[in-house]
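Notes follow once the structure below has been shown.
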Amino acid sequence: MAKEAKRANRGLKRLRVAIDSLDSKLVALLDERVKFAAETLHHKRKLGLELYQPSREAEVIKKAISRRKLFPEASLKSIYREIIGATLQLENPFTAAILGPEATYTHLATVKHFGHTVNISFESSIPDVFLKVEKKEADLGVVPIENSSEGSIVHTLDNLVTSTLSIAAEILMPVRHNLMALQENSKKFLPNLIVSHAQGLAQCRNFIESHYPGVPLKQVPSTAIAALEASKKKGVAAIASELAAEKYGLKIIHSNIEDIADNTTRFLVLRNSDETIPAKRKGCEYKTSIAFSMKDKPGALFSMLEPFKRSGINLTKIESRPSRIKTWIYTFFLDMEGHADDLKVKRALTELQEECHFYRLLGSYPKGITL
């Protein structure tokens, strides 16, 4: 046994030396990557290209995933997000405006997409996020647009119509709700109040009813505020993100308590529209979003959809909102697969515009990769 232990110790030391050597090489390669990235940004400036290019980032991440053998895909995506974000911040620091406060799901999505080095400006409302970017007090904005179980965020839709901003990217983030509190012993924990945002409570309704029937519920403006409230008083539980638990020093009593396992929120990354829609990158899958109002005539809705059916374009979302210009006139929001420069998409959009009295191309951007 003693000989086997010595042999195992020698093997362990040898493996640790090999891992240390690999770690040194990894850090050296990261430093080298930063140098090449700095040169790339320099050439982008000379050519007048956008420094933030989500289509290129998506291409880099997809290539990395395709090369992996043993490393977990989700972890690899997170690592590359951090590498890309840190590199960009080193050479071209930028600020993202988002709906505050800290530790909300929007905050979590922004950090996961841009990495922990991102500079964040927390705003008090979705219109304020748009305004911050429009006034060029922030480089980008991140806003929620829809949740797979609760539907669209109307404040974002309404601002997309009146704003000059365009969609640069989309973020798809699985929503993992957690029950958290100051309580140390999770097995004996029985809250006297459960606090969360209205959507958090709605998306965990079955869990609450089966685990804590009869416990009073309280709605607050955000899941982060719920966590803050739970941090101030024992017996109060919050439904919020792991980021909120970390920020407010709460213990997660139950993880992943959402009723729908694949519950996902879609966010949009917004930027100023000083330049045209970025050109299509070969090998990248795109989506295009538009907003429009139809002329009031019989068969208008059919006329709207017909060009897309005829061209074989897949529509991934259609939503309507009151136009706020004239009673019973509606603004439609349409998402489709493809880039605005694709011949069939361009043809369908041109045909659609002939039937509209308002039309706006909101953006063509890479299909989101789930975080």
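By convention here, the chains of the structure tokens are called A, B, ... in the order presented, each chain's residues are numbered starting at 1, and ligands are numbered starting at 1 in the order presented.
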
Need to verify the contact set: Gly200 of chain A, 9 Å, only C-alpha atoms, exclusion of same-chain residues closer than 2 positions in sequence. Can you return it as a list in words?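 The contact residues come out as His177, Val195, Ser196, His197, Ala198, Ala202, Gln203, Cys204, Arg205, Gln219, Ser222, Thr223, Ile239, Ala240 and Glu258 of chain A.
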
Would you output that residue set with C-alpha atoms, as an mmCIF file, in the first residue's frame?
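Wrote part-v2.cif, looks like this:
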```cif
data_model
loop_
_atom_site.group_PDB
_atom_site.id
_atom_site.type_symbol
_atom_site.label_atom_id
_atom_site.label_comp_id
_atom_site.auth_asym_id
_atom_site.auth_seq_id
_atom_site.Cartn_x
_atom_site.Cartn_y
_atom_site.Cartn_z
ATOM 1 C CA HIS A 177 -35.323 31.392 -10.603
ATOM 2 C CA VAL A 195 -41.349 38.536 -2.474
ATOM 3 C CA SER A 196 -40.571 38.936 -6.176
ATOM 4 C CA HIS A 197 -41.385 40.727 -9.399
ATOM 5 C CA ALA A 198 -44.828 39.860 -10.793
ATOM 6 C CA ALA A 202 -46.133 33.938 -11.979
ATOM 7 C CA GLN A 203 -43.348 31.777 -13.416
ATOM 8 C CA CYS A 204 -42.915 29.884 -10.118
ATOM 9 C CA ARG A 205 -46.601 29.544 -9.213
ATOM 10 C CA GLN A 219 -45.018 41.953 -5.737
ATOM 11 C CA SER A 222 -37.832 43.938 -9.669
ATOM 12 C CA THR A 223 -36.317 40.663 -8.481
ATOM 13 C CA ILE A 239 -37.377 34.793 -5.877
ATOM 14 C CA ALA A 240 -34.436 36.158 -7.844
ATOM 15 C CA GLU A 258 -39.391 27.954 -12.489
#
```

Just list as a PyMOL selection string whatever in segment 99-201 of chain A DSSP marks as strand (DSSP E or B). chain A and resi 99+119-123+140-147+151-152+166-174+178-181+193-196

Taking only C-alpha atoms into account, produce a table as a Markdown table in which each residue of segment 82-119 of chain A with an atom at most 10 Å from an atom of segment 261-269 of chain A appears once, together with its shortest atom pair and the distance in Å to one decimal, ordered by chain and rising number.
```
| residue | atom | partner | partner_atom | distance |
| --- | --- | --- | --- | --- |
| A:Ala96 | CA | A:Val269 | CA | 8.9 |
| A:Ala97 | CA | A:Val269 | CA | 9.7 |
| A:Ile98 | CA | A:Val269 | CA | 9.7 |
| A:Tyr105 | CA | A:Thr265 | CA | 8.9 |
| A:Thr106 | CA | A:Phe267 | CA | 7.9 |
| A:Ala109 | CA | A:Phe267 | CA | 7.9 |
| A:Thr110 | CA | A:Phe267 | CA | 9.0 |
| A:His113 | CA | A:Val269 | CA | 9.9 |
```

Store the residues picked out above, limited to C-alpha atoms, as an mmCIF file, in the first residue's frame.
```cif
data_model
loop_
_atom_site.group_PDB
_atom_site.id
_atom_site.type_symbol
_atom_site.label_atom_id
_atom_site.label_comp_id
_atom_site.auth_asym_id
_atom_site.auth_seq_id
_atom_site.Cartn_x
_atom_site.Cartn_y
_atom_site.Cartn_z
ATOM 1 C CA ALA A 96 -23.885 49.532 -21.788
ATOM 2 C CA ALA A 97 -27.049 51.195 -20.468
ATOM 3 C CA ILE A 98 -29.551 48.795 -18.896
ATOM 4 C CA TYR A 105 -31.908 39.364 -14.832
ATOM 5 C CA THR A 106 -31.084 42.136 -17.327
ATOM 6 C CA ALA A 109 -27.717 38.782 -19.157
ATOM 7 C CA THR A 110 -25.498 41.804 -19.847
ATOM 8 C CA HIS A 113 -23.001 38.447 -22.899
#
```

DSSP on the backbone: which residues in segment 158-360 of chain A end up as alpha helix (DSSP H)? Give the answer as number ranges by chain. A: 158-162, 198-203, 205-211, 223-232, 242-248, 300-311, 343-353

Env of Glu73 of chain A: 12 Å cut, atoms = only C-alpha atoms, seq-sep filter 4 positions within chain, self excluded. Answer as a list of chain:residue names.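 Listed by chain and then number, they are A:Ile61, A:Lys62, A:Lys63, A:Ala64, A:Ile65, A:Ser66, A:Arg67, A:Arg68, A:Lys69, A:Lys77, A:Ser78, A:Ile79, A:Tyr80, A:Ile369, A:Thr370, A:Leu371.
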
Counting only C-alpha atoms, which residue out of A:Val345, A:Ala18, A:Val161, A:Val220 sits closest to Pro322 of chain A?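 Among the listed residues, the smallest separation from Pro322 of chain A belongs to A:Val161.
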
Rounded to one decimal in Å, what is the spacing between atom CA of Thr327 of chain A and atom CA of Lys295 of chain A?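 Between atom CA of Thr327 of chain A and atom CA of Lys295 of chain A the gap works out to 13.5 Å.
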
Excluding Pro221 of chain A and residues on its chain fewer than 5 positions from it, collect all residues at most 12 Å away from it, counting only C-alpha atoms, and give them as number ranges by chain. A: 99-101, 104, 124-125, 195-201, 226-229

Based on the selection just made, write C-alpha atoms of those residues as a compact mmCIF listing (two decimals), in the first residue's frame.
```txt
# COMPACT_ATOMS: atom_id res chain seq x y z
CA LEU A 99 -32.67 48.86 -16.75
CA GLY A 100 -31.61 48.90 -13.10
CA PRO A 101 -31.14 48.24 -10.31
CA THR A 104 -31.64 41.91 -12.03
CA SER A 124 -34.59 53.84 -13.94
CA SER A 125 -36.78 52.89 -16.92
CA VAL A 195 -41.35 38.54 -2.47
CA SER A 196 -40.57 38.94 -6.18
CA HIS A 197 -41.39 40.73 -9.40
CA ALA A 198 -44.83 39.86 -10.79
CA GLN A 199 -43.28 37.68 -13.51
CA GLY A 200 -41.08 35.86 -11.01
CA LEU A 201 -44.11 34.95 -8.91
CA ALA A 226 -37.04 41.49 -3.72
CA ALA A 227 -33.58 40.20 -2.78
CA LEU A 228 -32.76 43.47 -1.06
CA GLU A 229 -35.97 43.23 1.00
```

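One finds atom CA of Lys287 of chain A at 12.4 Å from atom CA of Ile171 of chain A.
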
Kindly give the distance, in Å, that separates atom CA of Glu319 of chain A and atom CA of Ala224 of chain A, rounded to a single decimal. 28.8 Å

Which polymer residues have any atom within 12 Å of an atom of Lys297 of chain A, counting only C-alpha atoms, with same-chain residues fewer than 3 positions away left out, as a count of residues only? 11
